>>> print(open('start-v7.txt').read())   # compact mmCIF, C-alpha atoms
# COMPACT_ATOMS: atom_id res chain seq x y z
CA MET A 1 104.01 81.62 84.78
CA THR A 2 105.97 84.51 83.25
CA ARG A 3 104.88 88.03 84.22
CA ARG A 4 105.59 91.21 82.29
CA HIS A 5 105.45 93.35 85.42
CA PRO A 6 105.63 92.35 89.08
CA ALA A 7 102.55 92.75 91.22
CA ARG A 8 102.17 96.17 92.79
CA VAL A 9 101.64 95.91 96.54
CA ILE A 10 99.56 98.74 98.00
CA ALA A 11 99.02 99.19 101.74
CA ILE A 12 95.80 101.01 102.60
CA VAL A 13 96.59 102.82 105.82
CA ASN A 14 95.13 105.33 108.23
CA GLN A 15 95.68 105.02 111.97
CA LYS A 16 92.41 106.85 112.57
CA GLY A 17 89.37 104.56 112.59
CA GLY A 18 86.11 105.24 110.82
CA VAL A 19 87.55 106.90 107.72
CA GLY A 20 86.52 104.28 105.17
CA LYS A 21 89.80 102.37 105.15
CA THR A 22 88.36 98.87 104.90
CA THR A 23 85.60 100.10 102.58
CA THR A 24 88.34 101.45 100.32
CA ALA A 25 90.39 98.25 100.47
CA VAL A 26 87.42 96.04 99.60
CA ASN A 27 85.92 98.22 96.89
CA LEU A 28 89.15 99.29 95.22
CA ALA A 29 90.33 95.67 95.07
CA ALA A 30 86.96 94.61 93.64
CA SER A 31 86.97 97.45 91.10
CA VAL A 32 90.48 96.58 89.94
CA ALA A 33 89.43 92.92 89.65
CA ALA A 34 86.40 94.01 87.60
CA ALA A 35 88.89 95.59 85.18
CA GLU A 36 90.28 92.07 84.60
CA ARG A 37 93.34 92.49 86.80
CA ARG A 38 94.15 89.62 89.12
CA ALA A 39 93.95 91.17 92.57
CA LEU A 40 94.67 89.85 96.06
CA LEU A 41 92.98 91.45 99.06
CA LEU A 42 95.05 90.75 102.16
CA ASP A 43 93.18 91.37 105.41
CA LEU A 44 95.71 92.44 108.04
CA ASP A 45 93.15 93.76 110.53
CA PRO A 46 92.15 91.44 113.42
CA GLN A 47 88.57 92.70 113.10
CA GLY A 48 88.34 90.81 109.80
CA ASN A 49 85.99 93.31 108.18
CA ALA A 50 87.64 93.12 104.77
CA SER A 51 87.12 89.36 104.85
CA SER A 52 83.43 89.60 105.68
CA GLY A 53 83.11 92.44 103.17
CA VAL A 54 83.77 89.99 100.34
CA GLY A 55 81.56 87.28 101.78
CA ILE A 56 83.96 85.25 103.93
CA SER A 57 83.12 85.30 107.63
CA PRO A 58 86.16 85.17 109.94
CA ARG A 59 84.19 82.72 112.11
CA THR A 60 84.31 80.13 109.32
CA VAL A 61 88.02 80.53 108.56
CA GLU A 62 90.25 77.64 109.65
CA LYS A 63 93.57 79.28 108.80
CA SER A 64 94.30 82.95 108.30
CA ILE A 65 97.08 85.48 107.81
CA TYR A 66 97.94 84.90 111.49
CA ASP A 67 98.99 81.33 110.68
CA VAL A 68 101.10 82.64 107.80
CA LEU A 69 102.93 85.24 109.89
CA ILE A 70 103.86 82.76 112.63
CA GLY A 71 105.05 80.22 110.06
CA ARG A 72 102.27 77.69 110.44
CA ALA A 73 100.86 78.02 106.91
CA SER A 74 101.66 79.51 103.51
CA LEU A 75 99.71 82.23 101.73
CA ARG A 76 98.58 79.65 99.21
CA ASP A 77 97.21 77.53 102.07
CA VAL A 78 94.95 80.32 103.32
CA MET A 79 94.04 82.16 100.10
CA GLN A 80 90.34 81.94 99.17
CA LYS A 81 88.26 82.71 96.09
CA THR A 82 85.55 85.37 96.09
CA GLU A 83 82.48 86.05 93.93
CA LEU A 84 84.68 87.96 91.49
CA ALA A 85 86.76 85.60 89.39
CA SER A 86 89.84 87.85 89.49
CA LEU A 87 89.68 88.72 93.20
CA PHE A 88 91.18 86.52 95.91
CA LEU A 89 91.31 86.97 99.67
CA VAL A 90 93.81 86.20 102.41
CA PRO A 91 91.47 86.31 105.42
CA SER A 92 92.01 87.53 108.96
CA THR A 93 90.65 86.42 112.33
CA GLN A 94 90.85 87.74 115.88
CA ASP A 95 93.85 85.44 116.44
CA LEU A 96 95.88 88.14 114.70
CA VAL A 97 95.84 90.28 117.86
CA ALA A 98 98.32 87.79 119.37
CA VAL A 99 100.92 88.16 116.64
CA GLU A 100 102.95 90.83 118.47
CA VAL A 101 103.32 88.50 121.48
CA GLU A 102 104.12 85.50 119.28
CA LEU A 103 106.89 87.38 117.48
CA VAL A 104 108.26 89.44 120.37
CA ASP A 105 111.64 87.64 120.35
CA ASP A 106 111.97 87.44 116.57
CA PRO A 107 114.45 90.05 115.26
CA ASP A 108 112.84 89.80 111.79
CA ARG A 109 109.30 90.51 113.03
CA PRO A 110 108.84 93.72 110.94
CA TYR A 111 109.67 91.80 107.76
CA LYS A 112 107.48 88.69 108.14
CA LEU A 113 104.88 89.77 105.61
CA ARG A 114 107.47 90.95 103.10
CA ALA A 115 109.24 87.59 103.23
CA VAL A 116 106.13 85.49 102.65
CA LEU A 117 104.73 87.83 100.00
CA ARG A 118 107.96 87.90 98.05
CA GLY A 119 108.09 84.12 97.69
CA PHE A 120 104.37 83.86 97.00
CA LEU A 121 104.39 86.48 94.23
CA GLU A 122 107.31 84.78 92.51
CA GLU A 123 105.02 81.79 91.97
CA GLU A 124 101.55 83.36 91.72
CA ALA A 125 100.65 85.82 88.96
CA PHE A 126 98.89 88.80 90.49
CA ASP A 127 98.68 92.35 89.20
CA TYR A 128 97.84 93.99 92.52
CA VAL A 129 97.94 93.18 96.21
CA PHE A 130 95.84 95.43 98.47
CA ILE A 131 96.61 95.23 102.19
CA ASP A 132 93.90 96.38 104.59
CA CYS A 133 95.77 97.56 107.70
CA PRO A 134 94.44 97.94 111.24
CA PRO A 135 93.68 101.46 112.53
CA SER A 136 97.03 101.84 114.30
CA LEU A 137 100.71 102.21 113.53
CA GLY A 138 101.74 99.02 115.35
CA LEU A 139 103.60 95.91 114.21
CA LEU A 140 100.99 94.79 111.68
CA THR A 141 100.96 98.14 109.87
CA ILE A 142 104.77 98.28 109.95
CA ASN A 143 104.80 94.82 108.33
CA ALA A 144 102.50 96.11 105.61
CA LEU A 145 104.65 99.21 104.99
CA ALA A 146 107.81 97.10 104.86
CA ALA A 147 106.19 94.84 102.24
CA ALA A 148 104.48 97.50 100.12
CA ASP A 149 105.44 99.45 97.02
CA GLY A 150 102.92 102.20 97.72
CA VAL A 151 100.67 103.60 100.43
CA LEU A 152 97.12 104.73 99.74
CA VAL A 153 95.56 106.87 102.48
CA PRO A 154 91.76 107.14 102.75
CA MET A 155 90.94 110.39 104.53
CA GLN A 156 87.73 111.90 105.79
CA CYS A 157 87.73 115.69 105.47
CA GLU A 158 87.37 116.73 109.08
CA TYR A 159 89.23 118.91 111.58
CA TYR A 160 91.61 116.29 113.03
CA ALA A 161 92.43 114.60 109.73
CA LEU A 162 95.54 116.66 109.02
CA GLU A 163 97.12 115.84 112.39
CA GLY A 164 96.71 112.14 111.75
CA LEU A 165 98.06 112.50 108.23
CA THR A 166 101.18 114.22 109.53
CA ALA A 167 101.85 111.38 112.00
CA LEU A 168 101.34 108.78 109.27
CA MET A 169 103.71 110.54 106.89
CA SER A 170 106.35 110.60 109.60
CA THR A 171 106.00 106.83 110.00
CA ILE A 172 106.19 106.32 106.24
CA ASP A 173 109.36 108.42 106.09
CA ARG A 174 110.96 106.32 108.85
CA VAL A 175 110.07 103.06 107.09
CA ARG A 176 111.38 104.42 103.78
CA GLY A 177 114.60 105.55 105.44
CA GLY A 178 115.46 102.30 107.18
CA MET A 179 113.31 99.37 106.10
CA ASN A 180 111.87 99.88 102.63
CA PRO A 181 113.50 102.55 100.44
CA ARG A 182 111.15 101.83 97.50
CA LEU A 183 108.03 102.79 99.49
CA GLU A 184 106.03 105.59 97.83
CA LEU A 185 102.94 107.56 98.73
CA GLU A 186 100.40 106.34 96.19
CA GLY A 187 98.10 109.19 97.15
CA VAL A 188 95.27 110.34 99.38
CA VAL A 189 91.66 109.49 98.55
CA LEU A 190 88.92 111.63 100.05
CA THR A 191 86.17 109.49 101.56
CA MET A 192 82.69 110.16 103.02
CA PHE A 193 82.83 113.47 101.20
CA ASP A 194 79.90 115.85 101.60
CA PRO A 195 80.15 118.69 99.05
CA ARG A 196 77.70 120.79 101.10
CA ASN A 197 80.18 120.97 103.99
CA ASN A 198 82.48 124.01 103.80
CA LEU A 199 84.99 122.44 106.19
CA ALA A 200 85.30 119.44 103.89
CA HIS A 201 86.37 121.73 101.04
CA GLN A 202 88.82 123.60 103.27
CA VAL A 203 90.47 120.40 104.50
CA ALA A 204 90.58 119.00 100.95
CA ASP A 205 92.31 122.16 99.68
CA GLU A 206 94.85 121.99 102.51
CA VAL A 207 95.68 118.35 101.81
CA LYS A 208 96.01 119.03 98.08
CA SER A 209 98.56 121.74 98.81
CA HIS A 210 100.88 119.16 100.42
CA PHE A 211 100.12 115.73 98.92
CA PHE A 212 98.88 114.05 95.77
CA VAL A 213 95.11 113.62 96.07
CA PHE A 214 93.18 111.42 93.65
CA ASP A 215 90.62 113.24 91.52
CA SER A 216 88.12 110.50 92.33
CA VAL A 217 86.18 111.36 95.49
CA ILE A 218 84.13 108.85 97.46
CA PRO A 219 80.83 110.39 98.60
CA ARG A 220 78.75 109.54 101.63
CA ASN A 221 76.48 106.83 100.29
CA VAL A 222 73.89 104.60 101.93
CA ARG A 223 74.36 101.74 99.45
CA LEU A 224 78.09 101.74 100.16
CA SER A 225 77.32 101.37 103.87
CA GLU A 226 74.78 98.60 103.26
CA ALA A 227 76.93 96.40 101.02
CA PRO A 228 79.15 94.86 103.76
CA SER A 229 76.12 93.48 105.60
CA TYR A 230 75.42 91.42 102.46
CA GLY A 231 79.06 90.30 102.16
CA LYS A 232 79.47 92.06 98.84
CA PRO A 233 81.60 94.85 97.39
CA ALA A 234 79.43 97.78 96.33
CA LEU A 235 79.73 96.98 92.62
CA LEU A 236 78.08 93.59 93.21
CA TYR A 237 75.45 95.08 95.52
CA ASP A 238 74.46 98.14 93.49
CA VAL A 239 76.84 99.03 90.69
CA GLN A 240 74.87 102.17 89.82
CA SER A 241 75.20 103.65 93.30
CA LYS A 242 77.38 106.72 93.73
CA GLY A 243 79.66 104.81 96.09
CA ALA A 244 80.30 101.99 93.63
CA GLN A 245 80.87 104.46 90.82
CA GLY A 246 83.30 106.41 93.00
CA TYR A 247 85.48 103.35 93.54
CA LEU A 248 85.28 102.31 89.89
CA SER A 249 86.50 105.80 89.03
CA LEU A 250 89.32 105.48 91.59
CA ALA A 251 90.35 102.14 90.05
CA ARG A 252 90.44 103.68 86.57
CA GLU A 253 92.59 106.51 87.88
CA LEU A 254 94.98 104.14 89.65
CA LEU A 255 95.36 101.92 86.59
CA SER A 256 95.82 104.91 84.28
CA ARG A 257 98.53 106.40 86.50
CA GLU A 258 100.41 103.13 86.63
CA ALA A 259 100.17 102.65 82.87
CA SER A 260 101.67 106.13 82.42
CA ALA A 261 104.45 105.32 84.89
CA LEU A 262 105.23 102.10 83.01
CA GLY A 263 105.36 104.02 79.75
CA GLY A 264 102.59 102.24 77.90
CA PRO A 265 98.95 101.12 77.79
CA ALA A 266 99.61 97.46 78.57
CA ARG A 267 97.79 97.57 81.90
CA ALA A 268 95.51 100.55 81.29
CA ARG A 269 92.22 98.86 80.40
CA ALA A 270 89.46 100.84 82.05
CA ALA A 271 87.26 99.47 84.79
CA PRO A 272 83.62 99.11 83.69
>>> encode(input="start-v7.txt", output="structure tokens")
Amino acid sequence: MTRRHPARVIAIVNQKGGVGKTTTAVNLAASVAAAERRALLLDLDPQGNASSGVGISPRTVEKSIYDVLIGRASLRDVMQKTELASLFLVPSTQDLVAVEVELVDDPDRPYKLRAVLRGFLEEEAFDYVFIDCPPSLGLLTINALAAADGVLVPMQCEYYALEGLTALMSTIDRVRGGMNPRLELEGVVLTMFDPRNNLAHQVADEVKSHFFVFDSVIPRNVRLSEAPSYGKPALLYDVQSKGAQGYLSLARELLSREASALGGPARARAAP
């Protein structure tokens, strides 16, 4: 199948847990798919929350991204459909915690994901690949950064957020310098945002003075928190909720920015 543009691979990364990273991966991928883009959500976190967030329990998965990384299966072997026709999942299981041990003697271990993705995307027509990374800067996250075109950083506006962001940017710079020169910072998205909190505004202003921050802000939202327990992205659980609307807005912004970068409207259809 001939593609006009290659798939854009976006790693969703923050080494700090509890900042809405997996929520962002699931709901941004779903929102992009709702805009009729073919999207692949790749769960690279051994906890498997992105998998269960789109209705696929890691306990029911026979083969996962772990099997792909150790050479026992292909991405096509493990890829699964979701409720959204344009959204597909590469699931994760707890087996993934063993991948560092399995690959300890492999000199190409930082590039395993890049190698399998490259071949897969030459044969499968996707517009976007979203990689949900574990909350660390270990081998799995390095694999994601080596394979990605861009990095999207979900960030909660709290006191320690800037320290973590500085460490992450240092890692991104090292990967760009030696492993993946095309890697770009896609931007920072503010999550769990409470406009009544003065500190949240102060941290947001500080981040905006150093990095690109998406205009779309993801608020604290009960419906957004409830959706994973039903195995659904927020737009399938309650599309009118502020959380779902926040991610639909983020998807529109992402697609609009890419259309501008490509010099035309070919991929700029708005999310609903």
>>> atom_distance(input="start-v7.txt", atom1="atom CA of Arg72 of chain A", atom2="atom CA of Ser52 of chain A")
22.8 Å
>>> axis_aligned_box(input="start-v7.txt", around="segment 236-240 of chain A", padding_each_side="5 Å", output="AutoDock Vina command-line options")
--center_x 76.3 --center_y 97.9 --center_z 92.7 --size_x 13.6 --size_y 18.6 --size_z 15.7
>>> atom_distance(input="start-v7.txt", atom1="atom CA of Ser86 of chain A", atom2="atom CA of Glu36 of chain A")
6.5 Å
>>> closest_residue(input="start-v7.txt", among="A:Glu123, A:Asp132, A:Asp45, A:Glu62", to="Ala98 of chain A", atoms="only C-alpha atoms")
A:Asp45
>>> residues_around(input="start-v7.txt", residues="segment 13-18 of chain A", least_positions_apart="6", cutoff="12 Å", atoms="only C-alpha atoms", output="JSON, numbers by chain")
{"A": [24, 25, 43, 44, 45, 47, 130, 131, 132, 133, 134, 135, 136, 137, 138, 140, 141, 142, 143, 144, 145, 148, 150, 151, 152, 153, 154, 155, 156, 157, 158, 160, 161, 162, 163, 164, 165, 166, 167, 168, 169, 171, 172, 185, 186, 187, 188, 189, 191, 192, 225]}
>>> closest_residue(input="start-v7.txt", among="A:Val99, A:Leu139, A:Val239, A:Ala50", to="Gly20 of chain A", atoms="all atoms listed in the file")
A:Ala50
>>> atom_distance(input="start-v7.txt", atom1="atom CA of Ser51 of chain A", atom2="atom CA of Lys63 of chain A")
12.6 Å
>>> residues_around(input="start-v7.txt", residues="Pro219 of chain A", least_positions_apart="2", cutoff="9 Å", atoms="all atoms listed in the file", output="PyMOL selection string")
chain A and resi 190-195+217+221+242-243+246
>>> residues_around(input="start-v7.txt", residues="Leu224 of chain A", least_positions_apart="5", cutoff="8 Å", atoms="only C-alpha atoms", output="list in words")
Ala234, Ser241, Gly243 and Ala244 of chain A
>>> closest_residue(input="start-v7.txt", among="A:Leu41, A:Leu103, A:Val90, A:Ile10", to="Glu184 of chain A", atoms="only C-alpha atoms")
A:Ile10
>>> closest_residue(input="start-v7.txt", among="A:Leu84, A:Val104, A:Lys112, A:Gly177", to="Val32 of chain A", atoms="all atoms listed in the file")
A:Leu84
>>> closest_residue(input="start-v7.txt", among="A:Asn27, A:Asn180, A:Ser64, A:Asn197", to="Leu87 of chain A", atoms="only C-alpha atoms")
A:Asn27
>>> residues_near_point(input="start-v7.txt", point="(110.9, 87.3, 112.2)", cutoff="12 Å", atoms="all atoms listed in the file", output="list in words")
Val68, Leu69, Ile70, Gly71, Val99, Glu100, Glu102, Leu103, Val104, Asp105, Asp106, Pro107, Asp108, Arg109, Pro110, Tyr111, Lys112, Leu113, Arg114, Ala115, Val116, Leu139 and Asn143 of chain A
>>> closest_residue(input="start-v7.txt", among="A:Tyr66, A:Val213, A:Ala200, A:Val9", to="Leu250 of chain A", atoms="all atoms listed in the file")
A:Val213
>>> residues_around(input="start-v7.txt", residues="Thr82 of chain A", least_positions_apart="3", cutoff="12 Å", atoms="all atoms listed in the file", output="PyMOL selection string")
chain A and resi 26+29-30+33+38-41+50-57+79+85-91+231-233+236
>>> decode(input="start-v7.txt", residues="segment 142-243 of chain A", atoms="C-alpha atoms", output="compact mmCIF listing (two decimals), in the first residue's frame")
# COMPACT_ATOMS: atom_id res chain seq x y z
CA ILE A 142 15.57 4.35 25.51
CA ASN A 143 14.19 1.92 22.90
CA ALA A 144 11.17 4.16 22.45
CA LEU A 145 13.30 7.30 22.09
CA ALA A 146 15.58 5.58 19.58
CA ALA A 147 12.53 4.59 17.50
CA ALA A 148 10.55 7.83 17.75
CA ASP A 149 10.28 10.95 15.63
CA GLY A 150 8.94 13.04 18.50
CA VAL A 151 8.53 13.05 22.27
CA LEU A 152 5.35 14.24 23.97
CA VAL A 153 5.69 14.94 27.69
CA PRO A 154 2.59 14.92 29.92
CA MET A 155 3.31 17.06 32.97
CA GLN A 156 1.41 17.77 36.14
CA CYS A 157 1.96 21.33 37.35
CA GLU A 158 3.54 20.71 40.72
CA TYR A 159 6.72 21.69 42.56
CA TYR A 160 8.98 18.80 41.47
CA ALA A 161 7.82 18.71 37.86
CA LEU A 162 10.55 21.00 36.54
CA GLU A 163 13.35 18.89 38.03
CA GLY A 164 12.01 15.79 36.31
CA LEU A 165 11.58 17.67 33.05
CA THR A 166 15.21 18.80 33.15
CA ALA A 167 16.42 15.20 33.61
CA LEU A 168 14.22 14.00 30.76
CA MET A 169 15.47 16.70 28.41
CA SER A 170 19.04 15.70 29.20
CA THR A 171 18.22 12.11 28.22
CA ILE A 172 16.52 13.25 25.03
CA ASP A 173 19.59 15.34 24.13
CA ARG A 174 21.88 12.33 24.64
CA VAL A 175 19.67 10.10 22.47
CA ARG A 176 19.51 12.79 19.78
CA GLY A 177 23.27 13.23 19.87
CA GLY A 178 24.23 9.59 19.53
CA MET A 179 21.32 7.31 18.65
CA ASN A 180 18.55 9.20 16.89
CA PRO A 181 19.41 12.61 15.41
CA ARG A 182 15.87 13.12 14.04
CA LEU A 183 14.29 13.02 17.52
CA GLU A 184 12.30 16.18 18.33
CA LEU A 185 10.42 17.45 21.34
CA GLU A 186 6.81 17.33 20.19
CA GLY A 187 5.80 19.41 23.19
CA VAL A 188 4.62 19.38 26.78
CA VAL A 189 0.96 18.83 27.63
CA LEU A 190 -0.31 20.02 31.00
CA THR A 191 -2.37 17.33 32.72
CA MET A 192 -4.56 17.17 35.86
CA PHE A 193 -4.69 20.95 35.67
CA ASP A 194 -6.58 22.81 38.37
CA PRO A 195 -7.05 26.47 37.37
CA ARG A 196 -7.80 27.41 41.00
CA ASN A 197 -4.28 26.44 42.05
CA ASN A 198 -1.82 29.35 41.93
CA LEU A 199 1.18 27.01 41.90
CA ALA A 200 -0.18 25.29 38.80
CA HIS A 201 -0.18 28.62 36.94
CA GLN A 202 3.33 29.46 38.16
CA VAL A 203 4.74 26.11 37.04
CA ALA A 204 2.91 26.36 33.70
CA ASP A 205 4.38 29.83 33.07
CA GLU A 206 7.87 28.57 33.92
CA VAL A 207 7.59 25.61 31.55
CA LYS A 208 6.25 27.82 28.76
CA SER A 209 9.29 30.06 29.09
CA HIS A 210 11.58 27.13 28.17
CA PHE A 211 9.58 24.64 26.07
CA PHE A 212 6.72 24.42 23.61
CA VAL A 213 3.53 23.75 25.58
CA PHE A 214 0.32 22.72 23.83
CA ASP A 215 -2.56 25.17 24.17
CA SER A 216 -4.84 22.25 25.00
CA VAL A 217 -4.87 21.61 28.75
CA ILE A 218 -6.17 18.42 30.34
CA PRO A 219 -8.20 19.20 33.48
CA ARG A 220 -8.73 17.05 36.54
CA ASN A 221 -11.82 15.09 35.59
CA VAL A 222 -13.70 12.27 37.30
CA ARG A 223 -14.98 10.76 34.04
CA LEU A 224 -11.43 10.61 32.71
CA SER A 225 -10.42 8.65 35.83
CA GLU A 226 -13.41 6.31 35.57
CA ALA A 227 -13.01 5.37 31.90
CA PRO A 228 -10.09 2.89 32.30
CA SER A 229 -12.09 0.74 34.72
CA TYR A 230 -14.55 0.20 31.84
CA GLY A 231 -11.76 -0.55 29.36
CA LYS A 232 -12.64 2.48 27.26
CA PRO A 233 -10.97 5.70 26.14
CA ALA A 234 -12.80 8.71 27.55
CA LEU A 235 -14.44 9.59 24.22
CA LEU A 236 -16.20 6.20 24.20
CA TYR A 237 -17.12 6.46 27.89
CA ASP A 238 -18.36 10.06 28.00
CA VAL A 239 -17.46 12.14 24.98
CA GLN A 240 -18.99 15.28 26.51
CA SER A 241 -16.79 15.14 29.61
CA LYS A 242 -14.15 17.82 30.03
CA GLY A 243 -11.42 15.18 29.97
